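Peer 1: Next comes the structure file run-v2.tsv, holding TSV, N, CA and C atoms.
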chain	number	residue	atom	x	y	z
M	4	MET	N	-33.53	-54.50	34.73
M	4	MET	CA	-32.72	-54.77	33.56
M	4	MET	C	-31.32	-54.23	33.80
M	5	ARG	N	-30.33	-54.98	33.36
M	5	ARG	CA	-28.93	-54.61	33.55
M	5	ARG	C	-28.39	-54.10	32.21
M	6	VAL	N	-27.79	-52.90	32.25
M	6	VAL	CA	-27.31	-52.24	31.03
M	6	VAL	C	-25.84	-51.90	31.19
M	7	CYS	N	-25.05	-52.27	30.18
M	7	CYS	CA	-23.63	-51.95	30.13
M	7	CYS	C	-23.43	-50.83	29.11
M	8	LEU	N	-22.68	-49.81	29.49
M	8	LEU	CA	-22.36	-48.71	28.59
M	8	LEU	C	-20.91	-48.81	28.16
M	9	ASP	N	-20.66	-48.65	26.87
M	9	ASP	CA	-19.31	-48.70	26.34
M	9	ASP	C	-18.62	-47.35	26.56
M	10	THR	N	-17.31	-47.36	26.44
M	10	THR	CA	-16.51	-46.16	26.69
M	10	THR	C	-16.96	-44.97	25.86
M	11	ASN	N	-17.22	-45.19	24.56
M	11	ASN	CA	-17.58	-44.07	23.70
M	11	ASN	C	-18.86	-43.39	24.14
M	12	VAL	N	-19.80	-44.13	24.68
M	12	VAL	CA	-21.05	-43.55	25.18
M	12	VAL	C	-20.77	-42.72	26.43
M	13	LEU	N	-19.94	-43.27	27.33
M	13	LEU	CA	-19.62	-42.54	28.56
M	13	LEU	C	-18.81	-41.28	28.28
M	14	VAL	N	-17.85	-41.34	27.38
M	14	VAL	CA	-17.08	-40.15	27.04
M	14	VAL	C	-18.03	-39.07	26.52
M	15	SER	N	-18.89	-39.43	25.60
M	15	SER	CA	-19.85	-38.45	25.05
M	15	SER	C	-20.78	-37.92	26.14
M	16	ALA	N	-21.17	-38.78	27.07
M	16	ALA	CA	-22.07	-38.36	28.15
M	16	ALA	C	-21.40	-37.33	29.06
M	17	PHE	N	-20.11	-37.53	29.33
M	17	PHE	CA	-19.42	-36.64	30.26
M	17	PHE	C	-18.90	-35.36	29.63
M	18	VAL	N	-18.65	-35.36	28.32
M	18	VAL	CA	-18.11	-34.15	27.70
M	18	VAL	C	-19.16	-33.38	26.89
M	19	GLY	N	-20.36	-33.93	26.75
M	19	GLY	CA	-21.40	-33.26	25.97
M	19	GLY	C	-22.72	-33.23	26.69
M	20	ARG	N	-23.70	-32.66	26.02
M	20	ARG	CA	-25.04	-32.56	26.59
M	20	ARG	C	-26.08	-33.20	25.69
M	21	GLY	N	-25.68	-34.10	24.86
M	21	GLY	CA	-26.58	-34.68	23.87
M	21	GLY	C	-27.20	-35.99	24.30
M	22	LEU	N	-27.44	-36.81	23.30
M	22	LEU	CA	-28.13	-38.08	23.48
M	22	LEU	C	-27.44	-38.98	24.50
M	23	CYS	N	-26.12	-39.09	24.44
M	23	CYS	CA	-25.42	-40.00	25.37
M	23	CYS	C	-25.56	-39.55	26.82
M	24	ALA	N	-25.57	-38.25	27.06
M	24	ALA	CA	-25.80	-37.75	28.42
M	24	ALA	C	-27.20	-38.14	28.88
M	25	ASP	N	-28.17	-38.05	27.98
M	25	ASP	CA	-29.54	-38.45	28.31
M	25	ASP	C	-29.62	-39.95	28.56
M	26	VAL	N	-28.92	-40.73	27.75
M	26	VAL	CA	-28.90	-42.19	27.94
M	26	VAL	C	-28.32	-42.53	29.31
M	27	LEU	N	-27.21	-41.90	29.68
M	27	LEU	CA	-26.61	-42.17	30.99
M	27	LEU	C	-27.59	-41.83	32.11
M	28	ARG	N	-28.26	-40.69	32.01
M	28	ARG	CA	-29.24	-40.31	33.05
M	28	ARG	C	-30.36	-41.34	33.16
M	29	VAL	N	-30.87	-41.81	32.02
M	29	VAL	CA	-31.95	-42.80	32.04
M	29	VAL	C	-31.47	-44.11	32.64
M	30	VAL	N	-30.29	-44.54	32.25
M	30	VAL	CA	-29.75	-45.79	32.79
M	30	VAL	C	-29.58	-45.69	34.30
M	31	LEU	N	-29.04	-44.58	34.77
M	31	LEU	CA	-28.85	-44.42	36.22
M	31	LEU	C	-30.18	-44.36	36.96
M	32	ALA	N	-31.20	-43.80	36.35
M	32	ALA	CA	-32.50	-43.64	37.01
M	32	ALA	C	-33.36	-44.90	36.96
M	33	ARG	N	-33.26	-45.67	35.87
M	33	ARG	CA	-34.24	-46.74	35.66
M	33	ARG	C	-33.68	-48.15	35.59
M	34	TYR	N	-32.39	-48.29	35.41
M	34	TYR	CA	-31.80	-49.61	35.18
M	34	TYR	C	-30.64	-49.85	36.15
M	35	HIS	N	-30.09	-51.04	36.08
M	35	HIS	CA	-28.88	-51.38	36.84
M	35	HIS	C	-27.70	-51.24	35.89
M	36	LEU	N	-26.79	-50.33	36.21
M	36	LEU	CA	-25.63	-50.09	35.37
M	36	LEU	C	-24.55	-51.13	35.66
M	37	VAL	N	-23.99	-51.69	34.60
M	37	VAL	CA	-22.90	-52.66	34.68
M	37	VAL	C	-21.72	-52.06	33.92
M	38	LEU	N	-20.57	-51.97	34.56
M	38	LEU	CA	-19.37	-51.46	33.91
M	38	LEU	C	-18.21	-52.38	34.17
M	39	GLY	N	-17.44	-52.61	33.14
M	39	GLY	CA	-16.26	-53.44	33.27
M	39	GLY	C	-15.03	-52.61	33.56
M	40	ALA	N	-14.03	-53.29	34.09
M	40	ALA	CA	-12.75	-52.64	34.38
M	40	ALA	C	-12.13	-52.09	33.10
M	41	THR	N	-12.34	-52.75	31.97
M	41	THR	CA	-11.81	-52.27	30.70
M	41	THR	C	-12.40	-50.92	30.34
M	42	VAL	N	-13.71	-50.79	30.43
M	42	VAL	CA	-14.38	-49.54	30.10
M	42	VAL	C	-13.96	-48.43	31.06
M	43	LEU	N	-13.90	-48.72	32.34
M	43	LEU	CA	-13.50	-47.69	33.30
M	43	LEU	C	-12.07	-47.23	33.06
M	44	GLY	N	-11.18	-48.15	32.75
M	44	GLY	CA	-9.80	-47.79	32.45
M	44	GLY	C	-9.69	-46.96	31.18
M	45	GLU	N	-10.42	-47.35	30.14
M	45	GLU	CA	-10.42	-46.58	28.89
M	45	GLU	C	-11.01	-45.19	29.12
M	46	LEU	N	-12.08	-45.12	29.90
M	46	LEU	CA	-12.72	-43.83	30.18
M	46	LEU	C	-11.74	-42.89	30.88
M	47	ASP	N	-11.04	-43.39	31.86
M	47	ASP	CA	-10.04	-42.60	32.58
M	47	ASP	C	-8.99	-42.06	31.60
M	48	ARG	N	-8.45	-42.97	30.78
M	48	ARG	CA	-7.40	-42.59	29.83
M	48	ARG	C	-7.90	-41.58	28.79
M	49	VAL	N	-9.06	-41.83	28.21
M	49	VAL	CA	-9.57	-40.96	27.15
M	49	VAL	C	-9.94	-39.58	27.70
M	50	LEU	N	-10.61	-39.53	28.84
M	50	LEU	CA	-11.00	-38.22	29.38
M	50	LEU	C	-9.76	-37.39	29.70
M	51	ARG	N	-8.74	-38.00	30.27
M	51	ARG	CA	-7.53	-37.26	30.65
M	51	ARG	C	-6.67	-36.92	29.43
M	52	ALA	N	-6.30	-37.94	28.67
M	52	ALA	CA	-5.30	-37.77	27.61
M	52	ALA	C	-5.86	-37.17	26.32
M	53	LYS	N	-7.01	-37.64	25.91
M	53	LYS	CA	-7.54	-37.19	24.62
M	53	LYS	C	-8.46	-35.97	24.75
M	54	MET	N	-9.22	-35.92	25.85
M	54	MET	CA	-10.21	-34.85	25.99
M	54	MET	C	-9.71	-33.71	26.86
M	55	GLY	N	-8.60	-33.92	27.58
M	55	GLY	CA	-8.03	-32.87	28.41
M	55	GLY	C	-8.87	-32.49	29.62
M	56	VAL	N	-9.68	-33.42	30.10
M	56	VAL	CA	-10.51	-33.17	31.28
M	56	VAL	C	-9.60	-33.17	32.51
M	57	PRO	N	-9.76	-32.17	33.39
M	57	PRO	CA	-8.91	-32.12	34.59
M	57	PRO	C	-9.04	-33.39	35.44
M	58	GLU	N	-7.92	-33.75	36.07
M	58	GLU	CA	-7.87	-34.98	36.86
M	58	GLU	C	-8.96	-35.05	37.93
M	59	ALA	N	-9.22	-33.95	38.61
M	59	ALA	CA	-10.24	-33.94	39.67
M	59	ALA	C	-11.63	-34.24	39.10
M	60	VAL	N	-11.92	-33.73	37.93
M	60	VAL	CA	-13.22	-33.98	37.29
M	60	VAL	C	-13.33	-35.44	36.86
M	61	VAL	N	-12.25	-35.97	36.30
M	61	VAL	CA	-12.23	-37.38	35.91
M	61	VAL	C	-12.41	-38.26	37.14
M	62	ALA	N	-11.73	-37.94	38.21
M	62	ALA	CA	-11.85	-38.73	39.44
M	62	ALA	C	-13.29	-38.70	39.96
M	63	ASP	N	-13.93	-37.54	39.91
M	63	ASP	CA	-15.33	-37.44	40.35
M	63	ASP	C	-16.24	-38.29	39.46
M	64	ALA	N	-16.02	-38.26	38.15
M	64	ALA	CA	-16.84	-39.05	37.23
M	64	ALA	C	-16.67	-40.54	37.51
M	65	LEU	N	-15.43	-40.97	37.69
M	65	LEU	CA	-15.18	-42.38	37.98
M	65	LEU	C	-15.76	-42.79	39.33
M	66	ASP	N	-15.66	-41.92	40.33
M	66	ASP	CA	-16.26	-42.20	41.64
M	66	ASP	C	-17.76	-42.37	41.52
M	67	LEU	N	-18.39	-41.49	40.76
M	67	LEU	CA	-19.85	-41.57	40.55
M	67	LEU	C	-20.21	-42.91	39.91
M	68	LEU	N	-19.51	-43.26	38.85
M	68	LEU	CA	-19.81	-44.51	38.15
M	68	LEU	C	-19.58	-45.72	39.04
M	69	ARG	N	-18.50	-45.71	39.78
M	69	ARG	CA	-18.22	-46.86	40.67
M	69	ARG	C	-19.27	-46.97	41.78
M	70	ALA	N	-19.79	-45.85	42.23
M	70	ALA	CA	-20.82	-45.86	43.27
M	70	ALA	C	-22.16	-46.37	42.73
M	71	GLU	N	-22.42	-46.12	41.46
M	71	GLU	CA	-23.72	-46.44	40.86
M	71	GLU	C	-23.75	-47.76	40.10
M	72	ALA	N	-22.58	-48.30	39.77
M	72	ALA	CA	-22.53	-49.46	38.87
M	72	ALA	C	-22.03	-50.71	39.58
M	73	ALA	N	-22.42	-51.83	39.02
M	73	ALA	CA	-21.79	-53.10	39.37
M	73	ALA	C	-20.55	-53.18	38.49
M	74	GLU	N	-19.38	-53.23	39.12
M	74	GLU	CA	-18.12	-53.28	38.37
M	74	GLU	C	-17.68	-54.73	38.23
M	75	VAL	N	-17.36	-55.12	37.01
M	75	VAL	CA	-17.00	-56.51	36.75
M	75	VAL	C	-15.66	-56.61	36.02
M	76	VAL	N	-15.03	-57.74	36.23
M	76	VAL	CA	-13.82	-58.10	35.49
M	76	VAL	C	-14.10	-59.48	34.90
M	77	ALA	N	-13.79	-59.64	33.63
M	77	ALA	CA	-14.01	-60.93	32.98
M	77	ALA	C	-12.67	-61.48	32.52
M	78	GLU	N	-12.50	-62.75	32.72
M	78	GLU	CA	-11.26	-63.40	32.31
M	78	GLU	C	-11.22	-63.63	30.81
M	79	ALA	N	-12.27	-64.22	30.27
M	79	ALA	CA	-12.23	-64.56	28.85
M	79	ALA	C	-13.65	-64.79	28.33
M	80	LEU	N	-13.75	-64.73	27.04
M	80	LEU	CA	-15.00	-65.01	26.35
M	80	LEU	C	-14.61	-65.71	25.05
M	81	GLU	N	-15.44	-66.62	24.62
M	81	GLU	CA	-15.20	-67.20	23.31
M	81	GLU	C	-15.10	-66.06	22.31
M	82	PRO	N	-14.11	-66.09	21.43
M	82	PRO	CA	-13.95	-65.00	20.46
M	82	PRO	C	-15.23	-64.78	19.64
M	83	VAL	N	-15.53	-63.53	19.40
M	83	VAL	CA	-16.67	-63.15	18.56
M	83	VAL	C	-16.08	-62.70	17.24
M	84	ALA	N	-16.55	-63.30	16.15
M	84	ALA	CA	-16.02	-62.97	14.82
M	84	ALA	C	-16.12	-61.47	14.55
M	85	GLY	N	-15.03	-60.90	14.07
M	85	GLY	CA	-15.03	-59.50	13.69
M	85	GLY	C	-14.66	-58.52	14.79
M	86	LEU	N	-14.39	-59.02	16.00
M	86	LEU	CA	-14.06	-58.12	17.11
M	86	LEU	C	-12.57	-58.17	17.42
M	87	ASP	N	-12.01	-57.00	17.74
M	87	ASP	CA	-10.63	-56.97	18.19
M	87	ASP	C	-10.60	-57.32	19.69
M	88	ILE	N	-9.41	-57.39	20.25
M	88	ILE	CA	-9.24	-57.82	21.64
M	88	ILE	C	-9.96	-56.89	22.61
M	89	GLU	N	-9.83	-55.58	22.43
M	89	GLU	CA	-10.46	-54.62	23.35
M	89	GLU	C	-11.99	-54.74	23.31
M	90	ASP	N	-12.56	-54.83	22.10
M	90	ASP	CA	-14.00	-54.99	21.99
M	90	ASP	C	-14.44	-56.31	22.61
M	91	GLY	N	-13.64	-57.35	22.42
M	91	GLY	CA	-13.94	-58.64	23.02
M	91	GLY	C	-13.98	-58.56	24.54
M	92	ARG	N	-13.05	-57.79	25.12
M	92	ARG	CA	-13.05	-57.61	26.58
M	92	ARG	C	-14.31	-56.90	27.06
M	93	VAL	N	-14.73	-55.88	26.32
M	93	VAL	CA	-15.94	-55.15	26.70
M	93	VAL	C	-17.14	-56.08	26.68
M	94	VAL	N	-17.25	-56.90	25.64
M	94	VAL	CA	-18.36	-57.86	25.55
M	94	VAL	C	-18.26	-58.88	26.69
M	95	ALA	N	-17.05	-59.38	26.95
M	95	ALA	CA	-16.87	-60.36	28.03
M	95	ALA	C	-17.30	-59.78	29.38
M	96	GLU	N	-16.97	-58.52	29.62
M	96	GLU	CA	-17.36	-57.90	30.89
M	96	GLU	C	-18.87	-57.68	30.97
M	97	ALA	N	-19.48	-57.34	29.84
M	97	ALA	CA	-20.94	-57.20	29.83
M	97	ALA	C	-21.60	-58.53	30.17
M	98	VAL	N	-21.09	-59.60	29.57
M	98	VAL	CA	-21.63	-60.93	29.84
M	98	VAL	C	-21.36	-61.34	31.28
M	99	ALA	N	-20.14	-61.11	31.78
M	99	ALA	CA	-19.81	-61.46	33.16
M	99	ALA	C	-20.69	-60.70	34.15
M	100	GLY	N	-21.08	-59.49	33.79
M	100	GLY	CA	-21.95	-58.68	34.64
M	100	GLY	C	-23.43	-58.97	34.44
M	101	ARG	N	-23.72	-59.99	33.63
M	101	ARG	CA	-25.10	-60.40	33.34
M	101	ARG	C	-25.92	-59.24	32.74
M	102	ALA	N	-25.26	-58.42	31.92
M	102	ALA	CA	-25.97	-57.31	31.27
M	102	ALA	C	-26.97	-57.86	30.27
M	103	ASP	N	-28.13	-57.24	30.23
M	103	ASP	CA	-29.14	-57.60	29.24
M	103	ASP	C	-28.83	-56.94	27.90
M	104	MET	N	-28.14	-55.79	27.96
M	104	MET	CA	-27.77	-55.12	26.72
M	104	MET	C	-26.53	-54.28	26.92
M	105	LEU	N	-25.84	-54.09	25.81
M	105	LEU	CA	-24.63	-53.27	25.74
M	105	LEU	C	-24.93	-52.10	24.81
M	106	ILE	N	-24.73	-50.89	25.30
M	106	ILE	CA	-25.00	-49.69	24.51
M	106	ILE	C	-23.65	-49.14	24.03
M	107	THR	N	-23.51	-48.98	22.72
M	107	THR	CA	-22.25	-48.55	22.14
M	107	THR	C	-22.46	-47.79	20.84
M	108	GLY	N	-21.48	-46.99	20.52
M	108	GLY	CA	-21.44	-46.35	19.21
M	108	GLY	C	-20.42	-47.03	18.31
M	109	ASP	N	-19.75	-48.06	18.80
M	109	ASP	CA	-18.71	-48.78	18.07
M	109	ASP	C	-19.35	-49.62	16.96
M	110	GLN	N	-19.05	-49.27	15.73
M	110	GLN	CA	-19.67	-49.95	14.59
M	110	GLN	C	-19.30	-51.43	14.52
M	111	ALA	N	-18.10	-51.79	14.93
M	111	ALA	CA	-17.72	-53.20	14.92
M	111	ALA	C	-18.62	-54.01	15.85
M	112	LEU	N	-18.92	-53.46	17.02
M	112	LEU	CA	-19.81	-54.15	17.95
M	112	LEU	C	-21.25	-54.17	17.44
M	113	LEU	N	-21.67	-53.07	16.85
M	113	LEU	CA	-23.04	-52.99	16.35
M	113	LEU	C	-23.28	-53.93	15.16
M	114	ARG	N	-22.24	-54.21	14.38
M	114	ARG	CA	-22.39	-55.06	13.19
M	114	ARG	C	-22.06	-56.53	13.45
M	115	ALA	N	-21.46	-56.83	14.60
M	115	ALA	CA	-21.01	-58.20	14.85
M	115	ALA	C	-22.18	-59.17	14.91
M	116	ASP	N	-21.95	-60.35	14.37
M	116	ASP	CA	-22.96	-61.41	14.38
M	116	ASP	C	-22.82	-62.26	15.64
M	117	ALA	N	-23.88	-62.91	16.00
M	117	ALA	CA	-23.89	-63.91	17.09
M	117	ALA	C	-23.31	-63.36	18.39
M	118	MET	N	-23.75	-62.19	18.78
M	118	MET	CA	-23.29	-61.60	20.04
M	118	MET	C	-24.00	-62.26	21.21
M	119	PRO	N	-23.30	-62.45	22.33
M	119	PRO	CA	-23.91	-63.08	23.50
M	119	PRO	C	-24.74	-62.11	24.34
M	120	VAL	N	-24.89	-60.89	23.88
M	120	VAL	CA	-25.66	-59.86	24.58
M	120	VAL	C	-26.30	-58.97	23.50
M	121	ILE	N	-27.45	-58.40	23.79
M	121	ILE	CA	-28.08	-57.46	22.86
M	121	ILE	C	-27.21	-56.22	22.77
M	122	VAL	N	-26.88	-55.78	21.58
M	122	VAL	CA	-26.06	-54.60	21.36
M	122	VAL	C	-26.90	-53.56	20.64
M	123	LEU	N	-26.99	-52.37	21.24
M	123	LEU	CA	-27.77	-51.27	20.67
M	123	LEU	C	-26.94	-50.01	20.61
M	124	SER	N	-27.24	-49.18	19.63
M	124	SER	CA	-26.66	-47.84	19.58
M	124	SER	C	-27.36	-46.99	20.64
M	125	PRO	N	-26.76	-45.85	21.00
M	125	PRO	CA	-27.47	-44.96	21.94
M	125	PRO	C	-28.87	-44.59	21.43
M	126	ARG	N	-29.00	-44.32	20.14
M	126	ARG	CA	-30.31	-43.98	19.57
M	126	ARG	C	-31.27	-45.16	19.67
M	127	GLY	N	-30.77	-46.36	19.36
M	127	GLY	CA	-31.62	-47.55	19.46
M	127	GLY	C	-32.08	-47.80	20.88
M	128	PHE	N	-31.18	-47.61	21.85
M	128	PHE	CA	-31.56	-47.75	23.25
M	128	PHE	C	-32.59	-46.70	23.63
M	129	TRP	N	-32.37	-45.47	23.21
M	129	TRP	CA	-33.28	-44.37	23.54
M	129	TRP	C	-34.68	-44.67	23.02
M	130	GLU	N	-34.76	-45.08	21.78
M	130	GLU	CA	-36.07	-45.40	21.19
M	130	GLU	C	-36.73	-46.57	21.91
M	131	ARG	N	-35.96	-47.59	22.23
M	131	ARG	CA	-36.49	-48.74	22.96
M	131	ARG	C	-36.99	-48.33	24.34
M	132	SER	N	-36.21	-47.49	25.03
M	132	SER	CA	-36.59	-47.04	26.37
M	132	SER	C	-37.87	-46.21	26.33
M	133	ARG	N	-38.03	-45.41	25.30
M	133	ARG	CA	-39.24	-44.59	25.17
M	133	ARG	C	-40.47	-45.46	25.03
M	134	THR	N	-40.37	-46.55	24.27
M	134	THR	CA	-41.53	-47.40	24.08
M	134	THR	C	-41.80	-48.27	25.30
M	135	GLU	N	-40.74	-48.53	26.11
M	135	GLU	CA	-40.92	-49.38	27.30
M	135	GLU	C	-41.36	-48.62	28.53
M	136	GLY	N	-41.13	-47.31	28.56
M	136	GLY	CA	-41.47	-46.64	29.81
M	136	GLY	C	-41.63	-45.15	29.76
M	137	GLY	N	-41.83	-44.60	28.61
M	137	GLY	CA	-42.15	-43.17	28.55
M	137	GLY	C	-40.99	-42.24	28.84
M	138	VAL	N	-39.79	-42.57	28.39
M	138	VAL	CA	-38.66	-41.65	28.55
M	138	VAL	C	-38.89	-40.45	27.65
M	139	GLY	N	-38.44	-39.30	28.13
M	139	GLY	CA	-38.50	-38.17	27.22
M	139	GLY	C	-38.59	-36.86	27.86
Once you've parsed the file, please lay out its structure as structure tokens.
Peer 2:
Amino acid sequence: MRVCLDTNVLVSAFVGRGLCADVLRVVLARYHLVLGATVLGELDRVLRAKMGVPEAVVADALDLLRAEAAEVVAEALEPVAGLDIEDGRVVAEAVAGRADMLITGDQALLRADAMPVIVLSPRGFWERSRTEGGVG
């Protein structure tokens, strides 16, 4: 199964020790990680500028993700009602990477109708993973 993680999940995974860190570990261990250029760029910017993570640590995190993930760039996707341009790019990259699901904490993505990919919250993914394979 191919899983795409949104920026907010990755930021939480790298700066905390909670659910998102556990989700990242499970995805790396059991699934194929798909990341878009948009998410990687946002992750770089947010970790450095907003979270104050040292450049060397950010570089190591990005190197790890690039080594473990299929990195995709998507040109365009039919607009999804209720999504802004950045969210649309994230969805387009998930689709271009043939992701089976997109994990996000973004409420706009979680509430959007007619998504071309399954969208789950980190908690929803965690619960689903537990029932599919004994995570815990």
Peer 1: Between atom C of M:Met4 and atom N of M:Met104, what is the spacing in Å?
Peer 2: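 Taking atom N of M:Met104 as the start and atom C of M:Met4 as the end point, the length is 6.8 Å.
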Peer 1: Which is closer to M:Thr41 than all the others in M:Gly91, M:Gly108, M:Gly127, M:Gly21, using only C-alpha atoms?
Peer 2: M:Gly91
Peer 1: Between atom CA of M:Arg114 and atom CA of M:Ile88, measure the distance and give it in Å to one decimal.
Peer 2: 15.9 Å
Peer 1: Please, what distance in Å, to one decimal, runs between atom CA of M:Val42 and atom CA of M:Arg133?
Peer 2: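 Separating atom CA of M:Val42 from atom CA of M:Arg133 is a distance of 25.8 Å.
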Peer 1: At most 9 Å from (-19.7, -50.0, 19.6), file frame, only C-alpha atoms: which residues, as a list of chain:residue names?
Peer 2: M:Asp9, M:Thr10, M:Asn11, M:Val12, M:Asp90, M:Leu105, M:Ile106, M:Thr107, M:Gly108, M:Asp109, M:Gln110, M:Ala111, M:Leu112, M:Leu113, M:Arg114, M:Val122, M:Leu123, M:Ser124
Peer 1: Near stretch 22-27 of chain M, within 8 Å and counting only C-alpha atoms, which residues show up once chain neighbours fewer than 5 positions away are dropped, as a PDB file with N, CA and C atoms, in the coordinates of the input?
Peer 2:
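The result, stored in result_26.pdb:
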ATOM      1  N   VAL M  12     -19.800 -44.130  24.680  1.00  0.00           N
ATOM      2  CA  VAL M  12     -21.050 -43.550  25.180  1.00  0.00           C
ATOM      3  C   VAL M  12     -20.770 -42.720  26.430  1.00  0.00           C
ATOM      4  N   LEU M  13     -19.940 -43.270  27.330  1.00  0.00           N
ATOM      5  CA  LEU M  13     -19.620 -42.540  28.560  1.00  0.00           C
ATOM      6  C   LEU M  13     -18.810 -41.280  28.280  1.00  0.00           C
ATOM      7  N   SER M  15     -18.890 -39.430  25.600  1.00  0.00           N
ATOM      8  CA  SER M  15     -19.850 -38.450  25.050  1.00  0.00           C
ATOM      9  C   SER M  15     -20.780 -37.920  26.140  1.00  0.00           C
ATOM     10  N   ALA M  16     -21.170 -38.780  27.070  1.00  0.00           N
ATOM     11  CA  ALA M  16     -22.070 -38.360  28.150  1.00  0.00           C
ATOM     12  C   ALA M  16     -21.400 -37.330  29.060  1.00  0.00           C
ATOM     13  N   PHE M  17     -20.110 -37.530  29.330  1.00  0.00           N
ATOM     14  CA  PHE M  17     -19.420 -36.640  30.260  1.00  0.00           C
ATOM     15  C   PHE M  17     -18.900 -35.360  29.630  1.00  0.00           C
ATOM     16  N   PRO M 125     -26.760 -45.850  21.000  1.00  0.00           N
ATOM     17  CA  PRO M 125     -27.470 -44.960  21.940  1.00  0.00           C
ATOM     18  C   PRO M 125     -28.870 -44.590  21.430  1.00  0.00           C
ATOM     19  N   ARG M 126     -29.000 -44.320  20.140  1.00  0.00           N
ATOM     20  CA  ARG M 126     -30.310 -43.980  19.570  1.00  0.00           C
ATOM     21  C   ARG M 126     -31.270 -45.160  19.670  1.00  0.00           C
ATOM     22  N   PHE M 128     -31.180 -47.610  21.850  1.00  0.00           N
ATOM     23  CA  PHE M 128     -31.560 -47.750  23.250  1.00  0.00           C
ATOM     24  C   PHE M 128     -32.590 -46.700  23.630  1.00  0.00           C
ATOM     25  N   TRP M 129     -32.370 -45.470  23.210  1.00  0.00           N
ATOM     26  CA  TRP M 129     -33.280 -44.370  23.540  1.00  0.00           C
ATOM     27  C   TRP M 129     -34.680 -44.670  23.020  1.00  0.00           C
TER      28      TRP M 129
END
Peer 1: For M:Ala77, list every protein, DNA or RNA residue within 9 Å, evaluated using only C-alpha atoms, and leave out those in the same chain fewer than 6 positions away; present the list as an mmCIF file with N, CA and C atoms, in the frame of the given file.
Peer 2:
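The result, stored in part06.cif:
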data_model
loop_
_atom_site.group_PDB
_atom_site.id
_atom_site.type_symbol
_atom_site.label_atom_id
_atom_site.label_comp_id
_atom_site.auth_asym_id
_atom_site.auth_seq_id
_atom_site.Cartn_x
_atom_site.Cartn_y
_atom_site.Cartn_z
ATOM 1 N N GLY M 39 -17.440 -52.610 33.140
ATOM 2 C CA GLY M 39 -16.260 -53.440 33.270
ATOM 3 C C GLY M 39 -15.030 -52.610 33.560
ATOM 4 N N ALA M 40 -14.030 -53.290 34.090
ATOM 5 C CA ALA M 40 -12.750 -52.640 34.380
ATOM 6 C C ALA M 40 -12.130 -52.090 33.100
ATOM 7 N N ARG M 92 -13.050 -57.790 25.120
ATOM 8 C CA ARG M 92 -13.050 -57.610 26.580
ATOM 9 C C ARG M 92 -14.310 -56.900 27.060
ATOM 10 N N VAL M 93 -14.730 -55.880 26.320
ATOM 11 C CA VAL M 93 -15.940 -55.150 26.700
ATOM 12 C C VAL M 93 -17.140 -56.080 26.680
ATOM 13 N N ALA M 95 -17.050 -59.380 26.950
ATOM 14 C CA ALA M 95 -16.870 -60.360 28.030
ATOM 15 C C ALA M 95 -17.300 -59.780 29.380
ATOM 16 N N GLU M 96 -16.970 -58.520 29.620
ATOM 17 C CA GLU M 96 -17.360 -57.900 30.890
ATOM 18 C C GLU M 96 -18.870 -57.680 30.970
ATOM 19 N N ALA M 97 -19.480 -57.340 29.840
ATOM 20 C CA ALA M 97 -20.940 -57.200 29.830
ATOM 21 C C ALA M 97 -21.600 -58.530 30.170
ATOM 22 N N VAL M 98 -21.090 -59.600 29.570
ATOM 23 C CA VAL M 98 -21.630 -60.930 29.840
ATOM 24 C C VAL M 98 -21.360 -61.340 31.280
ATOM 25 N N ALA M 99 -20.140 -61.110 31.780
ATOM 26 C CA ALA M 99 -19.810 -61.460 33.160
ATOM 27 C C ALA M 99 -20.690 -60.700 34.150
ATOM 28 N N GLY M 100 -21.080 -59.490 33.790
ATOM 29 C CA GLY M 100 -21.950 -58.680 34.640
ATOM 30 C C GLY M 100 -23.430 -58.970 34.440
#
Peer 1: Taking only C-alpha atoms into account, name the residue in M:Arg5, M:Arg48, M:Arg33, M:Arg69 that is nearest to M:Asp103.
Peer 2: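 Using only C-alpha atoms, the shortest distance to M:Asp103 belongs to M:Arg5.
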Peer 1: Write out as a count of residues only all residues of chain M that DSSP puts in strand (DSSP E) for this structure's backbone.
Peer 2: 19
Peer 1: Residues of stretch 5-139 of chain M in alpha helix (DSSP H) according to DSSP, as a ChimeraX atom specification?
Peer 2: /M:10-18,22-33,40-48,58-71,88-99,110-114,125-136
Peer 1: Which residue gives the smallest distance to M:Leu46 among M:Val61, M:Arg20, M:Glu78, M:Val120, with only C-alpha atoms counted?
Peer 2: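 Ranking M:Val61, M:Arg20, M:Glu78, M:Val120 by distance to M:Leu46, first place goes to M:Val61.
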Peer 1: Considering all atoms listed in the file, state which residue in the set M:Pro119, M:Ser132, M:Val83, M:Leu65 is at the smallest distance from M:Leu43.
Peer 2: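 Among the listed residues, M:Leu65 lies closest to M:Leu43.
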Peer 1: Of the candidates M:Val60, M:Val94, M:Ala117, M:Ala84, which shows the shortest atom-to-atom distance to M:Cys7, using only C-alpha atoms?
Peer 2: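 Counting only C-alpha atoms, the residue closest to M:Cys7 is M:Val94.
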